[in-house]
>>> print(open('target15.txt').read())   # compact mmCIF, C-alpha atoms
# COMPACT_ATOMS: atom_id res chain seq x y z
CA MET A 1 7.18 -20.46 9.25
CA LEU A 2 9.37 -17.47 10.06
CA LEU A 3 12.46 -19.70 9.92
CA VAL A 4 11.69 -20.78 6.36
CA ILE A 5 11.15 -17.16 5.35
CA GLY A 6 14.43 -16.19 6.98
CA LYS A 7 16.32 -18.35 4.51
CA MET A 8 14.67 -16.97 1.37
CA ASN A 9 16.33 -14.60 -1.05
CA THR A 10 14.81 -11.29 -2.13
CA LEU A 11 13.24 -12.71 -5.31
CA GLU A 12 11.38 -15.51 -3.49
CA PHE A 13 10.39 -13.17 -0.67
CA THR A 14 9.07 -10.57 -3.15
CA LEU A 15 6.99 -13.15 -5.03
CA LEU A 16 5.42 -14.52 -1.84
CA ILE A 17 4.60 -11.04 -0.54
CA GLY A 18 3.18 -10.14 -3.96
CA ILE A 19 0.87 -13.20 -3.93
CA GLY A 20 -0.22 -12.53 -0.34
CA SER A 21 -0.93 -8.87 -1.13
CA PHE A 22 -2.86 -9.84 -4.26
CA LEU A 23 -5.11 -12.14 -2.19
CA ALA A 24 -5.57 -9.46 0.49
CA GLY A 25 -6.52 -6.87 -2.14
CA PHE A 26 -8.82 -9.30 -3.94
CA LEU A 27 -10.70 -10.45 -0.83
CA GLY A 28 -10.75 -6.94 0.61
CA SER A 29 -12.40 -5.46 -2.44
CA LEU A 30 -14.70 -8.47 -3.01
CA THR A 31 -16.08 -8.27 0.53
CA GLY A 32 -15.99 -4.48 0.71
CA LEU A 33 -13.95 -4.67 3.92
CA GLY A 34 -10.83 -3.21 2.32
CA GLY A 35 -7.50 -4.97 1.83
CA GLY A 36 -5.39 -2.43 3.69
CA ALA A 37 -6.38 -3.67 7.12
CA VAL A 38 -5.02 -7.20 6.60
CA ILE A 39 -1.79 -6.16 4.88
CA VAL A 40 -0.04 -5.03 8.06
CA PRO A 41 -0.89 -8.22 10.05
CA LEU A 42 0.09 -10.32 7.03
CA LEU A 43 3.49 -8.65 6.77
CA THR A 44 4.21 -8.59 10.49
CA LEU A 45 2.68 -11.86 11.76
CA VAL A 46 3.37 -14.08 8.74
CA PHE A 47 6.50 -12.56 7.22
CA GLY A 48 8.07 -11.19 10.40
CA ILE A 49 8.58 -7.72 8.94
CA ASP A 50 9.06 -4.72 11.27
CA ILE A 51 5.71 -2.98 11.75
CA ARG A 52 7.10 0.39 10.60
CA TYR A 53 8.02 -0.98 7.18
CA ALA A 54 4.66 -2.79 7.07
CA ILE A 55 2.73 0.40 7.88
CA GLY A 56 4.65 2.34 5.21
CA ALA A 57 3.95 -0.24 2.50
CA SER A 58 0.31 -0.47 3.55
CA LEU A 59 -0.17 3.30 3.40
CA VAL A 60 1.14 3.44 -0.17
CA SER A 61 -1.14 0.62 -1.29
CA VAL A 62 -4.11 2.35 0.37
CA ILE A 63 -3.50 5.46 -1.78
CA ALA A 64 -3.47 3.29 -4.93
CA THR A 65 -6.62 1.27 -4.24
CA SER A 66 -8.68 4.19 -3.01
CA SER A 67 -7.75 6.38 -5.98
CA GLY A 68 -8.47 3.49 -8.38
CA ALA A 69 -11.88 2.80 -6.86
CA ALA A 70 -12.74 6.48 -6.40
CA ALA A 71 -12.35 6.99 -10.13
CA ALA A 72 -15.25 4.60 -10.79
CA TYR A 73 -17.51 5.94 -8.02
CA VAL A 74 -16.95 9.57 -8.92
CA ARG A 75 -18.08 8.88 -12.48
CA GLU A 76 -21.26 7.15 -11.30
CA GLY A 77 -22.27 10.27 -9.35
CA TYR A 78 -22.59 8.73 -5.87
CA SER A 79 -19.85 10.57 -4.05
CA ASN A 80 -20.40 14.10 -2.79
CA ILE A 81 -17.25 16.10 -3.53
CA ARG A 82 -18.24 18.98 -1.24
CA ILE A 83 -18.77 16.71 1.77
CA GLY A 84 -15.52 14.94 0.89
CA MET A 85 -13.54 18.16 0.57
CA PHE A 86 -14.94 19.70 3.76
CA LEU A 87 -14.24 16.59 5.85
CA GLU A 88 -10.78 16.19 4.32
CA ILE A 89 -9.73 19.24 6.36
CA ALA A 90 -10.34 17.12 9.49
CA THR A 91 -8.80 13.92 8.11
CA THR A 92 -5.61 15.53 6.79
CA ILE A 93 -4.95 17.37 10.07
CA GLY A 94 -5.63 14.09 11.89
CA ALA A 95 -3.35 12.17 9.54
CA LEU A 96 -0.46 14.58 10.19
CA VAL A 97 -0.98 14.23 13.95
CA GLY A 98 -1.16 10.42 13.59
CA ALA A 99 2.00 10.22 11.48
CA PHE A 100 3.94 12.22 14.06
CA LEU A 101 2.52 10.02 16.85
CA ALA A 102 3.69 6.93 14.94
CA GLY A 103 7.26 8.09 15.42
CA MET A 104 6.82 8.68 19.16
CA LEU A 105 4.76 5.73 20.41
CA ALA A 106 6.34 2.36 21.16
CA THR A 107 5.78 -0.18 18.36
CA ALA A 108 4.20 -2.58 20.89
CA LEU A 109 1.51 0.00 21.66
CA ILE A 110 0.91 0.66 17.95
CA THR A 111 0.53 -3.09 17.43
CA VAL A 112 -2.10 -3.31 20.18
CA ILE A 113 -4.02 -0.30 18.81
CA PHE A 114 -3.91 -1.93 15.37
CA GLY A 115 -5.41 -5.13 16.79
CA LEU A 116 -8.22 -3.18 18.49
CA VAL A 117 -9.04 -1.32 15.25
CA LEU A 118 -9.18 -4.68 13.40
CA LEU A 119 -11.61 -6.11 15.96
CA TYR A 120 -13.73 -2.97 15.74
CA SER A 121 -13.82 -3.14 11.90
CA ALA A 122 -14.92 -6.78 12.05
CA TYR A 123 -17.63 -5.87 14.55
CA LEU A 124 -18.91 -3.05 12.32
CA ALA A 125 -19.00 -5.42 9.36
CA ALA A 126 -20.97 -8.01 11.37
CA VAL A 127 -23.77 -5.85 12.83
CA PRO A 128 -26.68 -5.31 10.44
CA LYS A 129 -26.65 -1.76 9.14
CA GLN A 130 -29.66 0.45 9.47
CA GLU A 131 -30.15 3.29 7.10
CA SER A 132 -30.84 6.37 9.21
CA ILE A 133 -31.48 9.12 6.73
CA GLY A 134 -32.66 12.30 8.41
CA ASP A 135 -36.24 13.52 8.62
CA GLY A 136 -35.78 15.54 5.47
CA LYS A 137 -35.34 18.82 7.33
CA PRO A 138 -32.27 20.73 6.22
CA ASP A 139 -29.54 21.52 8.76
CA ARG A 140 -28.42 25.17 8.97
CA LEU A 141 -24.69 24.51 8.94
CA ALA A 142 -25.06 21.90 6.19
CA THR A 143 -27.02 24.37 4.09
CA PHE A 144 -24.39 27.07 4.59
CA LEU A 145 -21.64 24.62 3.58
CA ARG A 146 -23.75 23.36 0.66
CA LEU A 147 -23.36 19.75 1.77
CA ASP A 148 -26.83 18.58 0.69
CA GLY A 149 -26.99 16.66 -2.54
CA ASP A 150 -28.66 13.95 -4.56
CA TYR A 151 -27.68 10.50 -5.80
CA PRO A 152 -28.97 8.04 -8.41
CA THR A 153 -31.51 5.38 -7.33
CA ALA A 154 -33.72 2.96 -9.28
CA THR A 155 -36.49 5.59 -9.29
CA GLY A 156 -34.34 8.52 -10.37
CA ARG A 157 -32.19 10.95 -8.41
CA GLN A 158 -32.98 11.15 -4.70
CA ASN A 159 -32.27 14.25 -2.61
CA TYR A 160 -30.70 14.06 0.85
CA HIS A 161 -29.66 16.42 3.63
CA ALA A 162 -26.52 16.23 5.77
CA HIS A 163 -26.74 16.54 9.57
CA GLY A 164 -24.51 16.46 12.66
CA ILE A 165 -21.69 18.40 11.02
CA PRO A 166 -19.58 19.13 14.17
CA GLY A 167 -19.83 15.50 15.34
CA GLY A 168 -19.02 14.09 11.91
CA PHE A 169 -16.09 16.48 11.52
CA SER A 170 -14.65 15.46 14.93
CA LEU A 171 -14.95 11.74 14.22
CA MET A 172 -13.22 12.34 10.88
CA PHE A 173 -10.29 13.82 12.77
CA VAL A 174 -10.07 10.54 14.73
CA ALA A 175 -10.24 8.57 11.46
CA GLY A 176 -7.34 10.69 10.17
CA VAL A 177 -5.24 10.07 13.30
CA LEU A 178 -5.76 6.30 12.97
CA SER A 179 -4.88 6.45 9.28
CA GLY A 180 -1.63 8.31 9.93
CA LEU A 181 -0.73 6.16 12.93
CA LEU A 182 -1.50 2.75 11.40
CA GLY A 183 -1.08 3.27 7.65
CA ILE A 184 -4.66 2.22 6.94
CA GLY A 185 -7.57 3.93 5.18
CA SER A 186 -9.77 3.70 8.33
CA GLY A 187 -12.77 3.52 6.03
CA ALA A 188 -14.81 1.88 8.81
CA VAL A 189 -14.57 4.96 11.06
CA LYS A 190 -15.20 7.29 8.10
CA VAL A 191 -18.34 5.42 7.10
CA LEU A 192 -19.52 5.41 10.73
CA ALA A 193 -19.20 9.19 10.89
CA MET A 194 -21.15 9.68 7.67
CA ASP A 195 -23.76 6.89 8.10
CA GLN A 196 -24.64 7.29 11.73
CA ILE A 197 -23.72 10.86 12.69
CA MET A 198 -24.23 12.81 9.48
CA ARG A 199 -27.08 10.47 8.46
CA LEU A 200 -26.15 10.23 4.80
CA PRO A 201 -27.38 7.41 2.53
CA PHE A 202 -25.10 4.32 2.56
CA LYS A 203 -24.09 4.57 -1.04
CA VAL A 204 -23.08 8.21 -0.61
CA SER A 205 -21.10 7.66 2.59
CA THR A 206 -19.23 4.57 1.36
CA THR A 207 -18.19 6.13 -1.92
CA THR A 208 -17.37 9.55 -0.45
CA SER A 209 -15.32 7.83 2.26
CA ASN A 210 -13.37 5.94 -0.40
CA PHE A 211 -12.83 9.18 -2.26
CA MET A 212 -11.31 10.76 0.87
CA ILE A 213 -9.03 7.87 1.83
CA GLY A 214 -6.42 8.68 -0.83
CA VAL A 215 -6.09 12.32 0.25
CA THR A 216 -5.93 11.35 3.94
CA ALA A 217 -3.21 8.78 3.26
CA ALA A 218 -1.27 11.22 1.07
CA ALA A 219 -1.10 13.60 4.05
CA SER A 220 0.98 11.18 6.12
CA ALA A 221 3.06 9.83 3.20
CA GLY A 222 5.57 12.70 3.35
CA VAL A 223 6.24 12.11 7.06
CA TYR A 224 6.59 8.35 6.47
CA LEU A 225 9.00 8.88 3.59
CA SER A 226 11.29 11.17 5.58
CA ARG A 227 11.34 8.69 8.47
CA GLY A 228 12.39 5.84 6.17
CA TYR A 229 9.15 3.82 6.60
CA ILE A 230 8.82 3.54 2.82
CA GLU A 231 11.21 0.72 1.89
CA PRO A 232 11.16 0.37 -1.94
CA GLY A 233 11.93 -3.35 -2.06
CA LEU A 234 8.91 -4.07 0.13
CA VAL A 235 6.56 -1.38 -1.19
CA MET A 236 6.87 -2.74 -4.73
CA PRO A 237 5.26 -6.21 -4.27
CA VAL A 238 2.71 -4.92 -1.73
CA LEU A 239 1.55 -2.01 -3.90
CA LEU A 240 1.37 -3.97 -7.17
CA GLY A 241 -0.22 -7.02 -5.50
CA VAL A 242 -2.92 -5.12 -3.62
CA LEU A 243 -3.72 -2.91 -6.62
CA ALA A 244 -4.06 -5.85 -9.06
CA GLY A 245 -6.08 -7.84 -6.53
CA SER A 246 -8.50 -5.05 -5.74
CA LEU A 247 -9.03 -4.11 -9.40
CA LEU A 248 -9.89 -7.75 -10.13
CA GLY A 249 -12.09 -7.97 -7.03
CA ALA A 250 -14.07 -4.92 -8.13
CA ARG A 251 -14.83 -6.63 -11.46
CA VAL A 252 -15.95 -9.92 -9.89
CA LEU A 253 -18.05 -8.09 -7.28
CA ILE A 254 -21.00 -7.60 -9.60
CA THR A 255 -21.60 -11.32 -10.21
CA ALA A 256 -20.39 -13.16 -7.10
CA SER A 257 -22.46 -13.66 -3.96
CA THR A 258 -20.26 -12.43 -1.15
CA LYS A 259 -22.21 -13.20 2.03
CA ASN A 260 -20.27 -16.30 3.05
CA LEU A 261 -17.02 -14.78 1.91
CA ARG A 262 -17.66 -11.77 4.14
CA ILE A 263 -18.15 -14.05 7.14
CA VAL A 264 -14.91 -15.91 6.40
CA PHE A 265 -12.95 -12.72 5.80
CA SER A 266 -14.38 -11.09 8.95
CA SER A 267 -13.31 -14.15 10.96
CA VAL A 268 -9.80 -13.83 9.53
CA ILE A 269 -9.77 -10.17 10.59
CA VAL A 270 -10.86 -11.13 14.14
CA ILE A 271 -8.09 -13.76 14.41
CA LEU A 272 -5.49 -11.32 13.08
CA GLY A 273 -6.74 -8.65 15.50
CA VAL A 274 -6.39 -10.96 18.51
CA GLU A 275 -2.95 -12.08 17.30
CA MET A 276 -1.80 -8.46 16.95
CA ILE A 277 -2.99 -7.60 20.47
CA LEU A 278 -1.27 -10.67 21.99
CA ASN A 279 1.94 -10.02 20.08
CA GLY A 280 1.93 -6.38 21.13
CA ILE A 281 1.47 -7.31 24.79
CA THR A 282 4.10 -10.07 24.81
CA GLY A 283 6.45 -7.88 22.76
CA ASN A 284 7.03 -10.43 20.00
CA LEU A 285 6.91 -8.00 17.12
CA MET B 286 -27.12 32.46 -24.11
CA LYS B 287 -25.64 34.55 -21.33
CA LEU B 288 -21.95 34.25 -20.64
CA GLN B 289 -22.35 33.45 -16.96
CA SER B 290 -24.79 30.57 -17.36
CA GLU B 291 -22.68 29.25 -20.19
CA ARG B 292 -19.71 29.19 -17.86
CA THR B 293 -21.46 27.25 -15.10
CA MET B 294 -22.93 24.93 -17.71
CA ARG B 295 -19.56 24.18 -19.19
CA TRP B 296 -18.28 23.06 -15.75
CA PRO B 297 -21.19 21.32 -14.03
CA ASP B 298 -20.42 18.91 -11.16
CA GLU B 299 -20.85 15.90 -13.47
CA LYS B 300 -18.15 17.08 -15.83
CA VAL B 301 -15.79 17.97 -12.98
CA GLU B 302 -16.33 14.47 -11.56
CA ALA B 303 -15.67 12.80 -14.89
CA VAL B 304 -12.37 14.65 -15.37
CA MET B 305 -11.44 13.85 -11.79
CA GLY B 306 -12.07 10.15 -12.35
CA LYS B 307 -9.80 10.10 -15.40
CA LEU B 308 -7.10 12.03 -13.54
CA LEU B 309 -7.10 9.52 -10.69
CA ILE B 310 -6.96 6.43 -12.92
CA ALA B 311 -4.20 7.91 -15.09
CA GLY B 312 -2.10 8.83 -12.05
CA VAL B 313 -2.44 5.42 -10.42
CA LEU B 314 -1.66 3.48 -13.60
CA LEU B 315 1.31 5.68 -14.46
CA ALA B 316 2.73 5.38 -10.95
CA ALA B 317 2.18 1.60 -10.91
CA SER B 318 4.03 1.19 -14.25
CA VAL B 319 7.02 3.15 -12.93
CA VAL B 320 7.05 0.98 -9.78
CA LEU B 321 6.83 -2.13 -11.97
CA CYS B 322 9.83 -1.05 -14.10
CA GLY B 323 11.82 -0.16 -11.00
CA GLY B 324 10.83 -3.45 -9.37
CA ALA B 325 12.03 -5.50 -12.34
CA ARG B 326 15.35 -3.66 -12.29
CA PHE B 327 15.64 -4.06 -8.50
CA LEU B 328 15.02 -7.82 -8.62
CA TYR B 329 17.45 -8.20 -11.54
CA LEU B 330 20.17 -6.50 -9.48
CA TYR B 331 19.39 -7.70 -5.95
CA GLY B 332 17.09 -10.73 -6.38
CA ALA B 333 19.66 -13.15 -4.99
CA ALA B 334 20.48 -11.08 -1.90
CA THR B 335 18.94 -11.77 1.51
CA PRO B 336 16.12 -9.38 2.48
CA HIS B 337 16.58 -7.38 5.69
CA TYR B 338 13.09 -6.20 6.68
CA ARG B 339 12.87 -7.94 10.07
CA VAL B 340 14.79 -5.21 11.85
CA PHE B 341 14.02 -1.57 11.23
CA HIS B 342 16.94 0.47 9.87
CA GLY B 343 14.84 2.86 7.81
CA ALA B 344 15.06 3.22 4.04
CA PRO B 345 18.48 4.54 2.82
CA LEU B 346 18.79 8.29 3.41
CA GLU B 347 19.19 9.11 -0.29
CA LEU B 348 15.80 7.47 -0.92
CA ARG B 349 14.03 9.84 1.45
CA THR B 350 14.50 13.17 -0.34
CA LEU B 351 13.26 14.39 -3.71
CA ASN B 352 16.76 15.13 -5.02
CA GLY B 353 18.12 11.78 -3.91
CA ILE B 354 15.23 9.89 -5.45
CA LEU B 355 15.51 11.78 -8.75
CA ARG B 356 19.27 11.17 -8.88
CA ASP B 357 18.76 7.48 -8.18
CA ALA B 358 15.91 7.18 -10.69
CA THR B 359 17.74 8.94 -13.52
CA ALA B 360 20.68 6.61 -12.93
CA ARG B 361 18.04 3.91 -13.59
CA ARG B 362 18.60 2.28 -10.24
CA GLY B 363 15.62 0.11 -9.32
CA GLN B 364 15.01 1.47 -5.83
CA GLY B 365 15.06 5.07 -7.01
CA LEU B 366 12.51 4.26 -9.73
CA ILE B 367 10.22 2.55 -7.22
CA GLN B 368 10.38 5.59 -4.91
CA LEU B 369 9.69 7.85 -7.91
CA GLY B 370 6.58 5.76 -8.62
CA VAL B 371 5.56 6.15 -4.97
CA LEU B 372 5.98 9.94 -5.24
CA MET B 373 3.80 9.96 -8.37
CA LEU B 374 1.20 7.94 -6.52
CA VAL B 375 1.20 10.35 -3.57
CA ALA B 376 1.00 13.25 -6.03
CA THR B 377 -2.18 11.81 -7.62
CA PRO B 378 -4.67 12.69 -4.84
CA ILE B 379 -2.81 16.00 -4.37
CA ALA B 380 -3.32 16.75 -8.07
CA ARG B 381 -6.97 15.87 -7.63
CA VAL B 382 -7.26 18.45 -4.84
CA ALA B 383 -5.45 21.05 -6.97
CA PHE B 384 -7.86 20.36 -9.82
CA SER B 385 -10.79 20.83 -7.40
CA ILE B 386 -9.56 24.33 -6.54
CA PHE B 387 -9.63 25.16 -10.24
CA ALA B 388 -13.04 23.54 -10.76
CA PHE B 389 -14.63 25.33 -7.76
CA ALA B 390 -13.19 28.60 -9.04
CA ARG B 391 -14.81 28.00 -12.44
CA GLN B 392 -18.11 27.44 -10.63
CA ARG B 393 -17.50 30.66 -8.67
CA ASP B 394 -17.87 28.70 -5.46
CA TYR B 395 -15.38 30.74 -3.44
CA LEU B 396 -16.29 29.13 -0.11
CA TYR B 397 -15.06 25.81 -1.48
CA VAL B 398 -12.08 27.37 -3.19
CA SER B 399 -10.98 28.44 0.32
CA LEU B 400 -11.77 25.11 1.99
CA THR B 401 -9.93 23.20 -0.75
CA LEU B 402 -6.96 25.55 -0.43
CA ILE B 403 -6.70 24.60 3.26
CA VAL B 404 -6.55 20.90 2.36
CA PHE B 405 -4.05 21.59 -0.42
CA THR B 406 -1.79 23.58 1.91
CA LEU B 407 -1.81 20.78 4.52
CA LEU B 408 -0.91 18.22 1.86
CA MET B 409 1.90 20.34 0.45
CA TYR B 410 3.20 20.98 3.96
CA SER B 411 3.55 17.24 4.53
CA PHE B 412 4.77 16.37 1.04
CA VAL B 413 7.31 19.16 0.56
CA GLY B 414 8.24 19.36 4.25
CA GLY B 415 8.81 15.63 4.35
CA LEU B 416 11.03 15.70 1.29
CA TYR B 417 13.21 18.67 2.15
CA ASP B 418 13.39 19.19 5.90
CA PHE B 419 15.08 16.05 7.10
>>> encode(input="target15.txt", output="C-alpha cells")
Amino acid sequence: MLLVIGKMNTLEFTLLIGIGSFLAGFLGSLTGLGGGAVIVPLLTLVFGIDIRYAIGASLVSVIATSSGAAAAYVREGYSNIRIGMFLEIATTIGALVGAFLAGMLATALITVIFGLVLLYSAYLAAVPKQESIGDGKPDRLATFLRLDGDYPTATGRQNYHAHGIPGGFSLMFVAGVLSGLLGIGSGAVKVLAMDQIMRLPFKVSTTTSNFMIGVTAAASAGVYLSRGYIEPGLVMPVLLGVLAGSLLGARVLITASTKNLRIVFSSVIVILGVEMILNGITGNL
Amino acid sequence: MKLQSERTMRWPDEKVEAVMGKLLIAGVLLAASVVLCGGARFLYLYGAATPHYRVFHGAPLELRTLNGILRDATARRGQGLIQLGVLMLVATPIARVAFSIFAFARQRDYLYVSLTLIVFTLLMYSFVGGLYDF
C-alpha cells in the first residue's frame, strides 16, 4: 500500500487524503466518538506520513470541528460557559506543556502513547454510562465559582450542581497535556472529568467539553506552527475533509440509528490503537 | 425600568451564547474558504510534484511566522493562503474568549472577567510567542 502511495503525485495524494479525512470526520461525528482520533493513525499507518505532520494537521482539524459543533450546542443552551471557561485555565496550561513535550519526546514514544489513548477511548465508548448527578447539595467551591446551572429537558429546565472541582480541574490539565502532545481534542478524558468527577449531566458535560476543545487546541497551535508541524499541503485536505464530513455527520445524526456503527467504529479504533503501539515499539513509524 | 437591570437584561447568558455561536461559525467558514482558495492555487502550481511528507523536514521557515505568511499570502501563493486560513481558524476560539471577557464585563461578573483574562493571556502567549520568537 505504501509503495503505491509513494508513486503518487501531490494532486492524487491530496484527493485520497481528503476522502479519507471526510470519512473519518463523518463517522466520528455520526458515532459521537470524534474524527480527530482516527486522523493521525490514518495518516501515519495508511499514508506513511511522519507523525509530527500528522499531529499538526489533526490539531488544526480539531479546532475546526469543535468550533463548528460548539456553535450549535451553545445556541441550544446545553453548555455551561462558566464551567468551560474555568476549566480552560487547566486545559490551556496543559496544552502548552504537552506541545513542548511533543518536541522533546521520541516519536516512537508519542506513537505508543497515542495507541494507548485510542484503546482507552474505545473502552470508554464501550462501557455503559451511568448518570451520576450529585445528591442535589451545592458544593462550596462550585457555588463561589458560580458553576451551578440549568439545562433544557423534556419537562422544562433542570437545575444541577457541580462537584469535585479540584479533581475535575486536575484531570482537565491531563486532558490538555494529551491534546498538546497528540494533536487530539481528548474529549474522552474531558467528558470523564465532568461526568464522573464533577458529576454533571451527560448533555452538559459532552457539549461543554466540545466547547472547550477548540480553545485547548488553539493553545498548542502556536507552538506547532513555529516548529513546522503545520504543513500547508497536508493541512488543506485534512482540514476541509474532516470539517465537511463532520458537518454532514451532524445532520444525519438525528435520523440514523448509530448503535451498530458505533460498534464498528470502536473496533476500528481498537485495531488502529494496537497498530500504533506495535509500530511505536518496533520503530516502523 | 432601572438602568442596572436593563443592562443585565440586555446581555443575558442566552444572548451571549447566541452571539458566540454565530462568531464561531463565521470564523470557521471564513477560515475554511481561505484554505480552499489557497488549496486550489497550491494544487494548480504543485499538483504534479511528488509529495514529501514521509520524512519530517518541518514546514518552510517563511511559513512559520506571521510576517512570512502574510507576505506569501499577499503574493497569492497557495501555501501562504492556506497558512493564513489556519491562522484565522486558530484566531476563532481566541476571539471567542476575547468576546467572553467583554460579555462577563457587561454582566459585571468580575470574577469571570479575571478567569477569562488568564485563559486569554495563555492563548496569546502561545499564538504571538509562536509566531514571533522563533
>>> closest_residue(input="target15.txt", among="A:Leu178, A:Leu109, A:Leu278, A:Ala221", to="chain B", atoms="only C-alpha atoms")
A:Ala221
>>> interface_residues(input="target15.txt", of="chain A", to="chain B", cutoff="6 Å", atoms="all atoms listed in the file", output="compact mmCIF listing (two decimals) with C-alpha atoms, in the coordinates of the input")
# COMPACT_ATOMS: atom_id res chain seq x y z
CA ASN A 9 16.33 -14.60 -1.05
CA THR A 10 14.81 -11.29 -2.13
CA LEU A 11 13.24 -12.71 -5.31
CA GLY A 48 8.07 -11.19 10.40
CA ILE A 49 8.58 -7.72 8.94
CA ASP A 50 9.06 -4.72 11.27
CA ALA A 64 -3.47 3.29 -4.93
CA SER A 67 -7.75 6.38 -5.98
CA GLY A 68 -8.47 3.49 -8.38
CA ALA A 71 -12.35 6.99 -10.13
CA VAL A 74 -16.95 9.57 -8.92
CA ARG A 75 -18.08 8.88 -12.48
CA ILE A 89 -9.73 19.24 6.36
CA GLY A 214 -6.42 8.68 -0.83
CA VAL A 215 -6.09 12.32 0.25
CA ALA A 218 -1.27 11.22 1.07
CA ALA A 219 -1.10 13.60 4.05
CA GLY A 222 5.57 12.70 3.35
CA VAL A 223 6.24 12.11 7.06
CA LEU A 225 9.00 8.88 3.59
CA SER A 226 11.29 11.17 5.58
CA GLY A 228 12.39 5.84 6.17
CA TYR A 229 9.15 3.82 6.60
CA GLU A 231 11.21 0.72 1.89
CA PRO A 232 11.16 0.37 -1.94
>>> atom_distance(input="target15.txt", atom1="CA of Ile93 in chain A", atom2="CA of Glu76 in chain A")
28.8 Å
>>> atom_distance(input="target15.txt", atom1="CA of Ile184 in chain A", atom2="CA of Ile213 in chain A")
8.8 Å
>>> axis_aligned_box(input="target15.txt", around="range 265-280 of chain A", padding_each_side="3 Å", output="AutoDock Vina command-line options")
--center_x -6.2 --center_y -10.3 --center_z 13.9 --size_x 22.3 --size_y 13.8 --size_z 22.2
>>> atom_distance(input="target15.txt", atom1="CA of Ser205 in chain A", atom2="CA of Phe169 in chain A")
13.5 Å
>>> closest_residue(input="target15.txt", among="A:Thr65, A:Thr44, A:Asn260, A:Ser266", to="Phe26 in chain A", atoms="all atoms listed in the file")
A:Thr65
>>> residues_around(input="target15.txt", residues="Gly273 in chain A", least_positions_apart="6", cutoff="12 Å", atoms="all atoms listed in the file", output="number ranges by chain")
A: 37-42, 45, 111-123, 266-267, 279-280
>>> residues_around(input="target15.txt", residues="range 134-149 of chain A", least_positions_apart="2", cutoff="8 Å", atoms="all atoms listed in the file", output="list in words")
Asn80, Arg82, Ile83, Ser132, Tyr151, Asn159, Tyr160, His161, Ala162, His163, Ile165, Arg199 and Leu200 of chain A; Leu396 of chain B
>>> residues_around(input="target15.txt", residues="Gly283 in chain A", least_positions_apart="6", cutoff="12 Å", atoms="all atoms listed in the file", output="list in words")
Ala106, Thr107, Ala108, Leu109, Ile110, Thr111, Val112, Glu275, Met276 and Ile277 of chain A
